[in-house]
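Report on one structure; see the data block that follows.
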Number of protein chains: 2
Amino acid sequence: MYSIGELSKRCGVKIPTIRYYEQMGLLEVEERSEGNQRRYSADGLNRLSFIRHSRDLGFSIGDIRQLLELSRHRENPCKDAHDIAARHLRAVQQRIRKLKRLEQELKRISLCEAGTVADCAVIETLADHAQCETEH
Amino acid sequence: MYSIGELSKRCGVKIPTIRYYEQMGLLEVEERSEGNQRRYSADGLNRLSFIRHSRDLGFSIGDIRQLLELSRHRENPCKDAHDIAARHLRAVQQRIRKLKRLEQELKRISLCEAGTVADCAVIETLADHAQCETEH
DNA sequence: ATAATCCCTCTAGTGACTAGAGGTTCAAGG
DNA sequence: CCTTGAACCTCTAGTCACTAGAGGGATTAT
């Protein structure tokens with residue numbers, strides 16, 4: 001049996017965050033001590049690792065709820081899990097594309113060598129969208 | 001003089017968002033109609049374009065506040081503006097790197113051809129961080 | 001027994017909006 | 001001049017995934 005603090009250390013998830021996951025219905029507490037403190041089994045630890053890892057990979061709480069539900073039974077089909085992962089992958093790829101366009105624009109702007117605001121490319125570009133070379 | 005609705009259309013910024021920018025101190029209203037409705041000059045329109053464009057480039061409200069302050073006087077040195085842009089560029093690049101690692105991991109996971117949860121790579125990988133090939 | 005550390009619940013704050021309630025003002029047509 | 005409908009007003013609360021703090025109780029080691 002682990003206390004919430006031990007779970008926190010072992011999984012690298014802050015204590016209030018564990019309680020937050022509980023509130024969100026991702027991690028139920030099976031047991032409490034006599035003094036009402038949370039006690040977790042190895043199962044809880046695994047579940048929290050799953051959550052933590054999924055969050056690291058950028059899945060939303062809602063996605064994780066579904067993934068946890070799907071993973072409950074070994075004989076479940078895993079197509080839904082694949083769909084969730086694929087959708088997330090597409091979202092990530094889209095964000096990368098957008099950020100790369102941003103990066104180009106910011107790089108270009110940052111080349112400015114001016115000394116004053118009057119002819120500074122940063123300020124000027126921000127004031128005038130027409131100066132941008134790519135969409136964003 | 002533009003009403004808030006006109007400003008909204010011209011800049012592509014939703015009306016509640018314009019009011020929000022006002023609350024955040026980015027865009028003061030110079031004038032009100034007799035019936036207390038906001039009226040903007042061409043100056044306000046330019047300012048809102050600047051804000052909109054900066055947001056599109058991912059600058060935070062705080063950054064924008066500073067950039068707007070810096071841009072008020074043409075003779076101001078623009079080193080601070082460069083610093084803000086450079087810092088933002090680094091942040092963007094870091095996010096890109098992180099997202100690319102994520103992308104790799106998600107791609108790898110998504111290759112799974114299993115039919116059930118029992119041997120699905122998505123579920124399995126989420127449950128066990130050790131299976132990941134890169135840091136994230 | 002006591003001190004130090006851990007844990008409890010509850011509320012509120014973050015950033016950048018978005019949505020809705022409930023009411024007022026404006027502009028155009030008759 | 002009057003009415004209608006669209007546009008506007010303020011204020012509150014919700015979003016997401018946490019994070020921080022207050023004010024108190026439980027556990028553990030000495």
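Order determines the names: the first chain of the structure tokens is A, the second B, and so forth; residues in each chain are numbered 1 upward, and ligands are numbered 1 upward as they are shown.
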
Do a neighbour search on Ile109 (chain A) at 10 Å with only C-alpha atoms (C1' of nucleotides), toss out local chain neighbours closer than 2 positions, and write the hits as an mmCIF file with N, CA and C atoms, in the first residue's frame.
data_model
loop_
_atom_site.group_PDB
_atom_site.id
_atom_site.type_symbol
_atom_site.label_atom_id
_atom_site.label_comp_id
_atom_site.auth_asym_id
_atom_site.auth_seq_id
_atom_site.Cartn_x
_atom_site.Cartn_y
_atom_site.Cartn_z
ATOM 1 N N GLU A 103 8.021 29.823 -36.868
ATOM 2 C CA GLU A 103 9.466 29.889 -36.662
ATOM 3 C C GLU A 103 10.131 30.662 -37.796
ATOM 4 N N GLN A 104 9.741 30.348 -39.026
ATOM 5 C CA GLN A 104 10.302 31.053 -40.174
ATOM 6 C C GLN A 104 10.087 32.546 -40.061
ATOM 7 N N GLU A 105 8.840 32.889 -39.728
ATOM 8 C CA GLU A 105 8.487 34.306 -39.651
ATOM 9 C C GLU A 105 9.290 34.997 -38.556
ATOM 10 N N LEU A 106 9.379 34.347 -37.416
ATOM 11 C CA LEU A 106 10.100 34.943 -36.294
ATOM 12 C C LEU A 106 11.587 35.077 -36.598
ATOM 13 N N LYS A 107 12.128 34.092 -37.278
ATOM 14 C CA LYS A 107 13.541 34.148 -37.648
ATOM 15 C C LYS A 107 13.798 35.343 -38.556
ATOM 16 N N LEU A 111 16.101 39.071 -37.728
ATOM 17 C CA LEU A 111 17.339 39.450 -38.407
ATOM 18 C C LEU A 111 17.581 40.955 -38.366
ATOM 19 N N CYS A 112 16.550 41.694 -38.024
ATOM 20 C CA CYS A 112 16.608 43.157 -38.029
ATOM 21 C C CYS A 112 17.790 43.690 -37.242
ATOM 22 N N GLU A 113 18.462 44.678 -37.817
ATOM 23 C CA GLU A 113 19.665 45.244 -37.184
ATOM 24 C C GLU A 113 19.453 46.693 -36.774
ATOM 25 N N CYS A 120 12.519 49.362 -37.028
ATOM 26 C CA CYS A 120 12.705 48.012 -36.503
ATOM 27 C C CYS A 120 11.748 47.044 -37.171
ATOM 28 N N ALA A 121 12.274 45.967 -37.696
ATOM 29 C CA ALA A 121 11.448 45.009 -38.429
ATOM 30 C C ALA A 121 10.457 44.291 -37.522
ATOM 31 N N VAL A 122 10.856 44.069 -36.289
ATOM 32 C CA VAL A 122 9.955 43.383 -35.367
ATOM 33 C C VAL A 122 8.668 44.164 -35.240
ATOM 34 N N ILE A 123 8.826 45.417 -34.851
ATOM 35 C CA ILE A 123 7.662 46.281 -34.641
ATOM 36 C C ILE A 123 6.889 46.484 -35.943
ATOM 37 N N GLU A 124 7.629 46.722 -36.992
ATOM 38 C CA GLU A 124 6.993 47.011 -38.262
ATOM 39 C C GLU A 124 6.161 45.838 -38.762
ATOM 40 N N THR A 125 6.741 44.660 -38.661
ATOM 41 C CA THR A 125 6.030 43.479 -39.146
ATOM 42 C C THR A 125 4.782 43.219 -38.334
ATOM 43 N N LEU A 126 4.908 43.409 -37.034
ATOM 44 C CA LEU A 126 3.739 43.164 -36.194
ATOM 45 C C LEU A 126 2.616 44.124 -36.555
ATOM 46 N N GLN A 131 3.366 42.261 -44.509
ATOM 47 C CA GLN A 131 4.795 42.014 -44.617
ATOM 48 C C GLN A 131 5.161 40.540 -44.431
ATOM 49 N N CYS A 132 4.216 39.764 -43.984
ATOM 50 C CA CYS A 132 4.531 38.367 -43.723
ATOM 51 C C CYS A 132 4.621 37.573 -45.013
ATOM 52 N N HIS B 82 13.651 43.149 -29.801
ATOM 53 C CA HIS B 82 14.402 42.012 -30.345
ATOM 54 C C HIS B 82 14.524 40.897 -29.327
ATOM 55 N N ALA B 85 11.300 38.984 -29.079
ATOM 56 C CA ALA B 85 11.106 38.136 -30.261
ATOM 57 C C ALA B 85 12.038 36.927 -30.223
ATOM 58 N N ALA B 86 13.274 37.161 -29.805
ATOM 59 C CA ALA B 86 14.253 36.078 -29.774
ATOM 60 C C ALA B 86 13.866 35.034 -28.727
#

Overlay target chain A, mobile chain B, all C-alpha paired in order, as a CSV table (one decimal) with C-alpha atoms, in the first residue's frame:
chain,number,residue,atom,x,y,z
B,1,MET,CA,-0.1,0.0,0.0
B,2,TYR,CA,1.3,3.3,-1.0
B,3,SER,CA,0.4,6.7,0.4
B,4,ILE,CA,-0.2,9.5,-2.0
B,5,GLY,CA,3.2,10.9,-1.4
B,6,GLU,CA,4.9,7.6,-2.3
B,7,LEU,CA,2.8,7.3,-5.5
B,8,SER,CA,3.8,10.9,-6.3
B,9,LYS,CA,7.5,10.1,-6.0
B,10,ARG,CA,7.3,6.8,-7.9
B,11,CYS,CA,5.3,8.2,-10.8
B,12,GLY,CA,6.7,11.8,-10.9
B,13,VAL,CA,3.3,13.3,-10.6
B,14,LYS,CA,2.7,16.0,-8.0
B,15,ILE,CA,0.3,15.3,-5.2
B,16,PRO,CA,-2.4,17.9,-6.1
B,17,THR,CA,-2.3,16.6,-9.6
B,18,ILE,CA,-3.0,13.1,-8.4
B,19,ARG,CA,-6.0,14.4,-6.5
B,20,TYR,CA,-7.0,16.3,-9.6
B,21,TYR,CA,-7.0,13.1,-11.7
B,22,GLU,CA,-9.1,11.5,-9.1
B,23,GLN,CA,-11.6,14.4,-9.4
B,24,MET,CA,-11.6,13.9,-13.1
B,25,GLY,CA,-12.5,10.3,-12.7
B,26,LEU,CA,-9.3,8.8,-14.0
B,27,LEU,CA,-8.0,7.3,-10.8
B,28,GLU,CA,-10.3,6.0,-8.1
B,29,VAL,CA,-9.0,5.4,-4.6
B,30,GLU,CA,-9.7,1.9,-3.5
B,31,GLU,CA,-8.9,2.3,0.1
B,32,ARG,CA,-8.5,4.9,2.8
B,33,SER,CA,-6.6,4.7,6.1
B,34,GLU,CA,-8.5,5.0,9.4
B,35,GLY,CA,-7.7,8.6,9.4
B,36,ASN,CA,-9.1,9.1,5.9
B,37,GLN,CA,-5.8,9.2,4.0
B,38,ARG,CA,-5.6,7.7,0.5
B,39,ARG,CA,-4.0,4.3,0.1
B,40,TYR,CA,-3.1,2.8,-3.3
B,41,SER,CA,-2.2,-0.7,-4.5
B,42,ALA,CA,0.2,-1.7,-7.3
B,43,ASP,CA,-2.9,-1.4,-9.5
B,44,GLY,CA,-3.2,2.3,-8.7
B,45,LEU,CA,0.4,2.8,-9.4
B,46,ASN,CA,0.2,1.2,-12.8
B,47,ARG,CA,-2.9,3.2,-13.6
B,48,LEU,CA,-1.2,6.5,-12.6
B,49,SER,CA,1.8,5.6,-14.8
B,50,PHE,CA,-0.5,5.0,-17.7
B,51,ILE,CA,-2.1,8.4,-17.1
B,52,ARG,CA,1.2,10.1,-16.7
B,53,HIS,CA,2.7,8.6,-19.8
B,54,SER,CA,-0.4,9.4,-21.8
B,55,ARG,CA,-0.3,13.0,-20.7
B,56,ASP,CA,3.4,13.2,-21.6
B,57,LEU,CA,2.4,12.1,-25.0
B,58,GLY,CA,-0.1,14.9,-25.1
B,59,PHE,CA,-3.4,13.0,-24.8
B,60,SER,CA,-6.2,15.0,-23.2
B,61,ILE,CA,-7.9,13.9,-20.0
B,62,GLY,CA,-10.9,13.0,-22.1
B,63,ASP,CA,-8.8,10.8,-24.4
B,64,ILE,CA,-7.2,9.2,-21.4
B,65,ARG,CA,-10.5,8.4,-19.8
B,66,GLN,CA,-11.5,6.5,-23.0
B,67,LEU,CA,-8.1,4.8,-23.3
B,68,LEU,CA,-8.3,3.6,-19.7
B,69,GLU,CA,-11.8,2.3,-20.3
B,70,LEU,CA,-10.7,0.5,-23.4
B,71,SER,CA,-7.7,-1.1,-21.7
B,72,ARG,CA,-9.8,-2.6,-18.9
B,73,HIS,CA,-10.5,-5.8,-20.8
B,74,ARG,CA,-7.8,-7.7,-22.7
B,75,GLU,CA,-10.3,-9.1,-25.2
B,76,ASN,CA,-11.7,-5.7,-26.2
B,77,PRO,CA,-11.0,-4.7,-29.8
B,78,CYS,CA,-8.4,-2.0,-29.9
B,79,LYS,CA,-9.6,-0.1,-33.0
B,80,ASP,CA,-11.0,2.7,-30.9
B,81,ALA,CA,-7.6,3.1,-29.2
B,82,HIS,CA,-5.9,3.3,-32.7
B,83,ASP,CA,-8.4,5.9,-33.8
B,84,ILE,CA,-7.7,8.1,-30.7
B,85,ALA,CA,-3.9,7.8,-31.3
B,86,ALA,CA,-4.2,8.5,-35.0
B,87,ARG,CA,-6.4,11.6,-34.4
B,88,HIS,CA,-3.9,12.8,-31.8
B,89,LEU,CA,-1.0,12.2,-34.2
B,90,ARG,CA,-2.7,14.3,-36.9
B,91,ALA,CA,-3.3,17.1,-34.3
B,92,VAL,CA,0.4,17.0,-33.4
B,93,GLN,CA,1.5,17.1,-37.0
B,94,GLN,CA,-0.8,20.1,-37.6
B,95,ARG,CA,0.7,21.9,-34.7
B,96,ILE,CA,4.2,21.2,-35.9
B,97,ARG,CA,3.4,22.6,-39.3
B,98,LYS,CA,1.9,25.8,-37.8
B,99,LEU,CA,4.8,26.3,-35.4
B,100,LYS,CA,7.3,25.9,-38.2
B,101,ARG,CA,5.6,28.6,-40.2
B,102,LEU,CA,5.8,30.7,-37.1
B,103,GLU,CA,9.4,29.9,-36.6
B,104,GLN,CA,10.2,31.0,-40.2
B,105,GLU,CA,8.4,34.3,-39.6
B,106,LEU,CA,10.1,34.9,-36.3
B,107,LYS,CA,13.5,34.1,-37.6
B,108,ARG,CA,13.0,36.5,-40.5
B,109,ILE,CA,11.8,39.3,-38.2
B,110,SER,CA,14.7,38.7,-35.8
B,111,LEU,CA,17.3,39.4,-38.4
B,112,CYS,CA,16.6,43.1,-38.0
B,113,GLU,CA,19.6,45.2,-37.2
B,114,ALA,CA,17.9,48.5,-36.6
B,115,GLY,CA,18.6,50.5,-33.5
B,116,THR,CA,15.4,52.3,-33.0
B,117,VAL,CA,11.7,51.5,-33.2
B,118,ALA,CA,11.3,53.8,-36.3
B,119,ASP,CA,12.8,51.2,-38.6
B,120,CYS,CA,12.7,48.0,-36.5
B,121,ALA,CA,11.4,45.0,-38.4
B,122,VAL,CA,9.9,43.4,-35.4
B,123,ILE,CA,7.7,46.3,-34.6
B,124,GLU,CA,7.0,47.0,-38.3
B,125,THR,CA,6.0,43.4,-39.1
B,126,LEU,CA,3.7,43.2,-36.2
B,127,ALA,CA,2.0,46.3,-37.2
B,128,ASP,CA,1.5,45.1,-40.8
B,129,HIS,CA,0.4,41.6,-41.6
B,130,ALA,CA,1.1,42.2,-45.3
B,131,GLN,CA,4.8,42.0,-44.6
B,132,CYS,CA,4.5,38.3,-43.7
B,133,GLU,CA,5.7,35.8,-46.2
B,134,THR,CA,3.6,32.9,-45.1
B,135,GLU,CA,0.1,32.3,-43.8
B,136,HIS,CA,-0.4,31.9,-40.1

Kindly provide the residues of chain C that approach region 7-22 of chain D to within 12 Å, each paired with its closest atom pair and their distance in Å to one decimal, based on only C-alpha atoms (C1' of nucleotides), listed by chain and increasing number, as a Markdown table.
| residue | atom | partner | partner_atom | distance |
| --- | --- | --- | --- | --- |
| C:DT9 | C1' | D:DA22 | C1' | 10.6 |
| C:DC10 | C1' | D:DA22 | C1' | 9.0 |
| C:DT11 | C1' | D:DA22 | C1' | 8.9 |
| C:DA12 | C1' | D:DA20 | C1' | 8.8 |
| C:DG13 | C1' | D:DA20 | C1' | 7.9 |
| C:DT14 | C1' | D:DT19 | C1' | 8.0 |
| C:DG15 | C1' | D:DC16 | C1' | 10.2 |
| C:DA16 | C1' | D:DT15 | C1' | 10.3 |
| C:DC17 | C1' | D:DT15 | C1' | 8.8 |
| C:DT18 | C1' | D:DT15 | C1' | 7.9 |
| C:DA19 | C1' | D:DG14 | C1' | 7.8 |
| C:DG20 | C1' | D:DA13 | C1' | 8.9 |
| C:DA21 | C1' | D:DT12 | C1' | 8.9 |
| C:DG22 | C1' | D:DT10 | C1' | 9.7 |
| C:DG23 | C1' | D:DC9 | C1' | 8.0 |
| C:DT24 | C1' | D:DC9 | C1' | 6.6 |
| C:DT25 | C1' | D:DC8 | C1' | 6.8 |
| C:DC26 | C1' | D:DA7 | C1' | 7.4 |
| C:DA27 | C1' | D:DA7 | C1' | 9.8 |

Go ahead and dump the residues you just picked, C-alpha atoms (C1' of nucleotides), as a short mmCIF file (atom, residue, chain, number, x, y, z; two decimals), in the first residue's frame.
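Contents of part.cif, freshly written:
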data_model
loop_
_atom_site.label_atom_id
_atom_site.label_comp_id
_atom_site.auth_asym_id
_atom_site.auth_seq_id
_atom_site.Cartn_x
_atom_site.Cartn_y
_atom_site.Cartn_z
"C1'" DT C 9 -10.78 19.42 2.04
"C1'" DC C 10 -12.01 23.57 -0.03
"C1'" DT C 11 -11.43 27.69 -2.62
"C1'" DA C 12 -9.37 30.43 -5.98
"C1'" DG C 13 -5.93 31.55 -9.55
"C1'" DT C 14 -3.53 30.72 -14.21
"C1'" DG C 15 -4.06 32.20 -19.87
"C1'" DA C 16 -6.73 33.56 -23.50
"C1'" DC C 17 -10.54 33.49 -24.51
"C1'" DT C 18 -15.92 31.96 -25.17
"C1'" DA C 19 -20.88 31.75 -23.96
"C1'" DG C 20 -24.92 33.34 -22.00
"C1'" DA C 21 -28.29 36.25 -19.34
"C1'" DG C 22 -30.69 40.28 -19.12
"C1'" DG C 23 -30.98 44.73 -20.50
"C1'" DT C 24 -29.99 49.29 -23.55
"C1'" DT C 25 -29.02 51.84 -27.93
"C1'" DC C 26 -28.85 52.55 -32.73
"C1'" DA C 27 -30.34 52.96 -37.66
#

Within 12 Å of chain A: each chain C residue with its shortest pair, only C-alpha atoms (C1' of nucleotides), as a tab-separated table:
residue	atom	partner	partner_atom	distance
C:DT5	C1'	A:Gly5	CA	11.3
C:DC6	C1'	A:Gly5	CA	8.0
C:DC7	C1'	A:Gln37	CA	6.4
C:DC8	C1'	A:Gln37	CA	7.2
C:DT9	C1'	A:Arg19	CA	11.0

Just the selected residues (N, CA and C atoms (P, O5', C5', C4', C3', O3' and C1' of nucleotides)), exported as an mmCIF file, in the first residue's frame, please.
data_model
loop_
_atom_site.group_PDB
_atom_site.id
_atom_site.type_symbol
_atom_site.label_atom_id
_atom_site.label_comp_id
_atom_site.auth_asym_id
_atom_site.auth_seq_id
_atom_site.Cartn_x
_atom_site.Cartn_y
_atom_site.Cartn_z
ATOM 1 P P DT C 5 10.837 18.183 9.079
ATOM 2 O "O5'" DT C 5 9.786 17.287 8.282
ATOM 3 C "C5'" DT C 5 9.846 15.870 8.412
ATOM 4 C "C4'" DT C 5 8.502 15.275 8.060
ATOM 5 C "C3'" DT C 5 7.950 15.733 6.697
ATOM 6 O "O3'" DT C 5 7.916 14.592 5.845
ATOM 7 C "C1'" DT C 5 6.263 15.609 8.369
ATOM 8 P P DC C 6 7.611 14.782 4.249
ATOM 9 O "O5'" DC C 6 6.110 14.230 4.154
ATOM 10 C "C5'" DC C 6 5.788 12.957 4.710
ATOM 11 C "C4'" DC C 6 4.315 12.925 5.013
ATOM 12 C "C3'" DC C 6 3.435 13.269 3.813
ATOM 13 O "O3'" DC C 6 2.834 12.054 3.337
ATOM 14 C "C1'" DC C 6 2.606 14.179 5.858
ATOM 15 P P DC C 7 2.030 12.049 1.978
ATOM 16 O "O5'" DC C 7 0.574 12.487 2.422
ATOM 17 C "C5'" DC C 7 -0.203 11.632 3.247
ATOM 18 C "C4'" DC C 7 -1.428 12.360 3.725
ATOM 19 C "C3'" DC C 7 -2.315 12.942 2.614
ATOM 20 O "O3'" DC C 7 -3.414 12.064 2.375
ATOM 21 C "C1'" DC C 7 -2.093 14.402 4.512
ATOM 22 P P DC C 8 -4.495 12.474 1.318
ATOM 23 O "O5'" DC C 8 -5.443 13.442 2.160
ATOM 24 C "C5'" DC C 8 -6.314 12.886 3.146
ATOM 25 C "C4'" DC C 8 -7.220 13.962 3.708
ATOM 26 C "C3'" DC C 8 -7.971 14.769 2.660
ATOM 27 O "O3'" DC C 8 -9.181 14.111 2.338
ATOM 28 C "C1'" DC C 8 -7.066 16.208 4.324
ATOM 29 P P DT C 9 -9.903 14.510 0.986
ATOM 30 O "O5'" DT C 9 -10.537 15.918 1.371
ATOM 31 C "C5'" DT C 9 -11.536 16.005 2.388
ATOM 32 C "C4'" DT C 9 -11.945 17.454 2.564
ATOM 33 C "C3'" DT C 9 -12.600 18.060 1.322
ATOM 34 O "O3'" DT C 9 -13.835 18.657 1.688
ATOM 35 C "C1'" DT C 9 -10.779 19.421 2.039
#

_For the alpha helix (DSSP H) assignment from backbone DSSP, which residues of chain B qualify? Please present them as a ChimeraX atom specification._
/B:4-11,15-23,42-56,61-70,79-110,121-127

Residues of the last selection are to be written out with C-alpha atoms, as a compact mmCIF listing (two decimals), in the first residue's frame.
# COMPACT_ATOMS: atom_id res chain seq x y z
CA ILE B 4 -16.85 47.51 -32.13
CA GLY B 5 -18.62 45.35 -34.72
CA GLU B 6 -16.88 47.05 -37.61
CA LEU B 7 -13.53 46.76 -35.90
CA SER B 8 -14.26 43.11 -35.34
CA LYS B 9 -14.94 42.47 -39.01
CA ARG B 10 -12.02 44.51 -40.27
CA CYS B 11 -9.49 42.84 -37.98
CA ILE B 15 -16.20 41.18 -30.30
CA PRO B 16 -15.84 39.62 -26.84
CA THR B 17 -12.13 39.22 -27.55
CA ILE B 18 -11.80 42.93 -28.30
CA ARG B 19 -13.44 43.72 -24.98
CA TYR B 20 -11.12 41.21 -23.35
CA TYR B 21 -8.07 42.97 -24.80
CA GLU B 22 -9.45 46.20 -23.41
CA GLN B 23 -9.75 44.62 -19.96
CA ALA B 42 -8.05 54.47 -37.28
CA ASP B 43 -5.51 54.39 -34.49
CA GLY B 44 -7.53 51.84 -32.60
CA LEU B 45 -7.82 49.77 -35.73
CA ASN B 46 -4.06 49.75 -36.24
CA ARG B 47 -3.49 48.90 -32.63
CA LEU B 48 -5.89 45.99 -32.81
CA SER B 49 -4.22 44.73 -36.00
CA PHE B 50 -0.91 44.83 -34.21
CA ILE B 51 -2.37 42.84 -31.32
CA ARG B 52 -4.07 40.35 -33.59
CA HIS B 53 -0.97 39.79 -35.63
CA SER B 54 1.20 39.39 -32.55
CA ARG B 55 -1.21 36.83 -31.14
CA ASP B 56 -1.15 34.97 -34.44
CA ILE B 61 -0.63 39.16 -23.83
CA GLY B 62 2.20 40.22 -21.54
CA ASP B 63 4.69 40.30 -24.40
CA ILE B 64 2.26 42.28 -26.50
CA ARG B 65 1.76 44.81 -23.76
CA GLN B 66 5.51 45.40 -23.74
CA LEU B 67 5.79 45.48 -27.52
CA LEU B 68 2.98 48.01 -27.74
CA GLU B 69 4.67 50.16 -25.12
CA LEU B 70 7.98 49.98 -26.98
CA LYS B 79 16.72 46.08 -28.44
CA ASP B 80 14.00 45.08 -25.99
CA ALA B 81 11.68 44.19 -28.85
CA HIS B 82 14.40 42.01 -30.34
CA ASP B 83 14.91 40.29 -27.03
CA ILE B 84 11.22 39.50 -26.72
CA ALA B 85 11.11 38.14 -30.26
CA ALA B 86 14.25 36.08 -29.77
CA ARG B 87 13.00 34.59 -26.52
CA HIS B 88 9.74 33.71 -28.21
CA LEU B 89 11.58 32.16 -31.14
CA ARG B 90 13.54 29.93 -28.78
CA ALA B 91 10.33 28.87 -27.05
CA VAL B 92 8.75 28.02 -30.39
CA GLN B 93 11.77 26.00 -31.44
CA GLN B 94 11.71 24.09 -28.21
CA ARG B 95 8.05 23.26 -28.66
CA ILE B 96 8.74 22.07 -32.17
CA ARG B 97 11.48 19.75 -30.94
CA LYS B 98 9.24 18.32 -28.26
CA LEU B 99 6.33 17.83 -30.65
CA LYS B 100 8.58 16.07 -33.16
CA ARG B 101 9.68 13.56 -30.55
CA LEU B 102 6.02 13.06 -29.73
CA GLU B 103 5.22 12.60 -33.38
CA GLN B 104 7.84 9.87 -33.73
CA GLU B 105 6.50 8.05 -30.71
CA LEU B 106 2.89 8.32 -31.84
CA LYS B 107 3.77 7.15 -35.33
CA ARG B 108 5.57 4.15 -33.99
CA ILE B 109 2.70 3.27 -31.69
CA SER B 110 0.14 3.69 -34.45
CA ALA B 121 0.90 -1.44 -28.96
CA VAL B 122 -1.01 1.74 -28.20
CA ILE B 123 -2.29 0.47 -24.89
CA GLU B 124 0.87 -1.39 -24.07
CA THR B 125 3.14 1.55 -24.70
CA LEU B 126 1.01 3.86 -22.66
CA ALA B 127 1.15 1.45 -19.79

*Could you work out how far C1' of DA1 (chain C) lies from C1' of DG24 (chain D), giving the answer in Å with one decimal?*
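Taking C1' of DG24 (chain D) as the start and C1' of DA1 (chain C) as the end point, the length is 20.7 Å.
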
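Residues of chain A assigned to strand (DSSP E or B) by DSSP on this structure's backbone: Tyr2, Glu31, Arg32, Arg38, Arg39, Tyr40, Pro77 and Thr116 of chain A.
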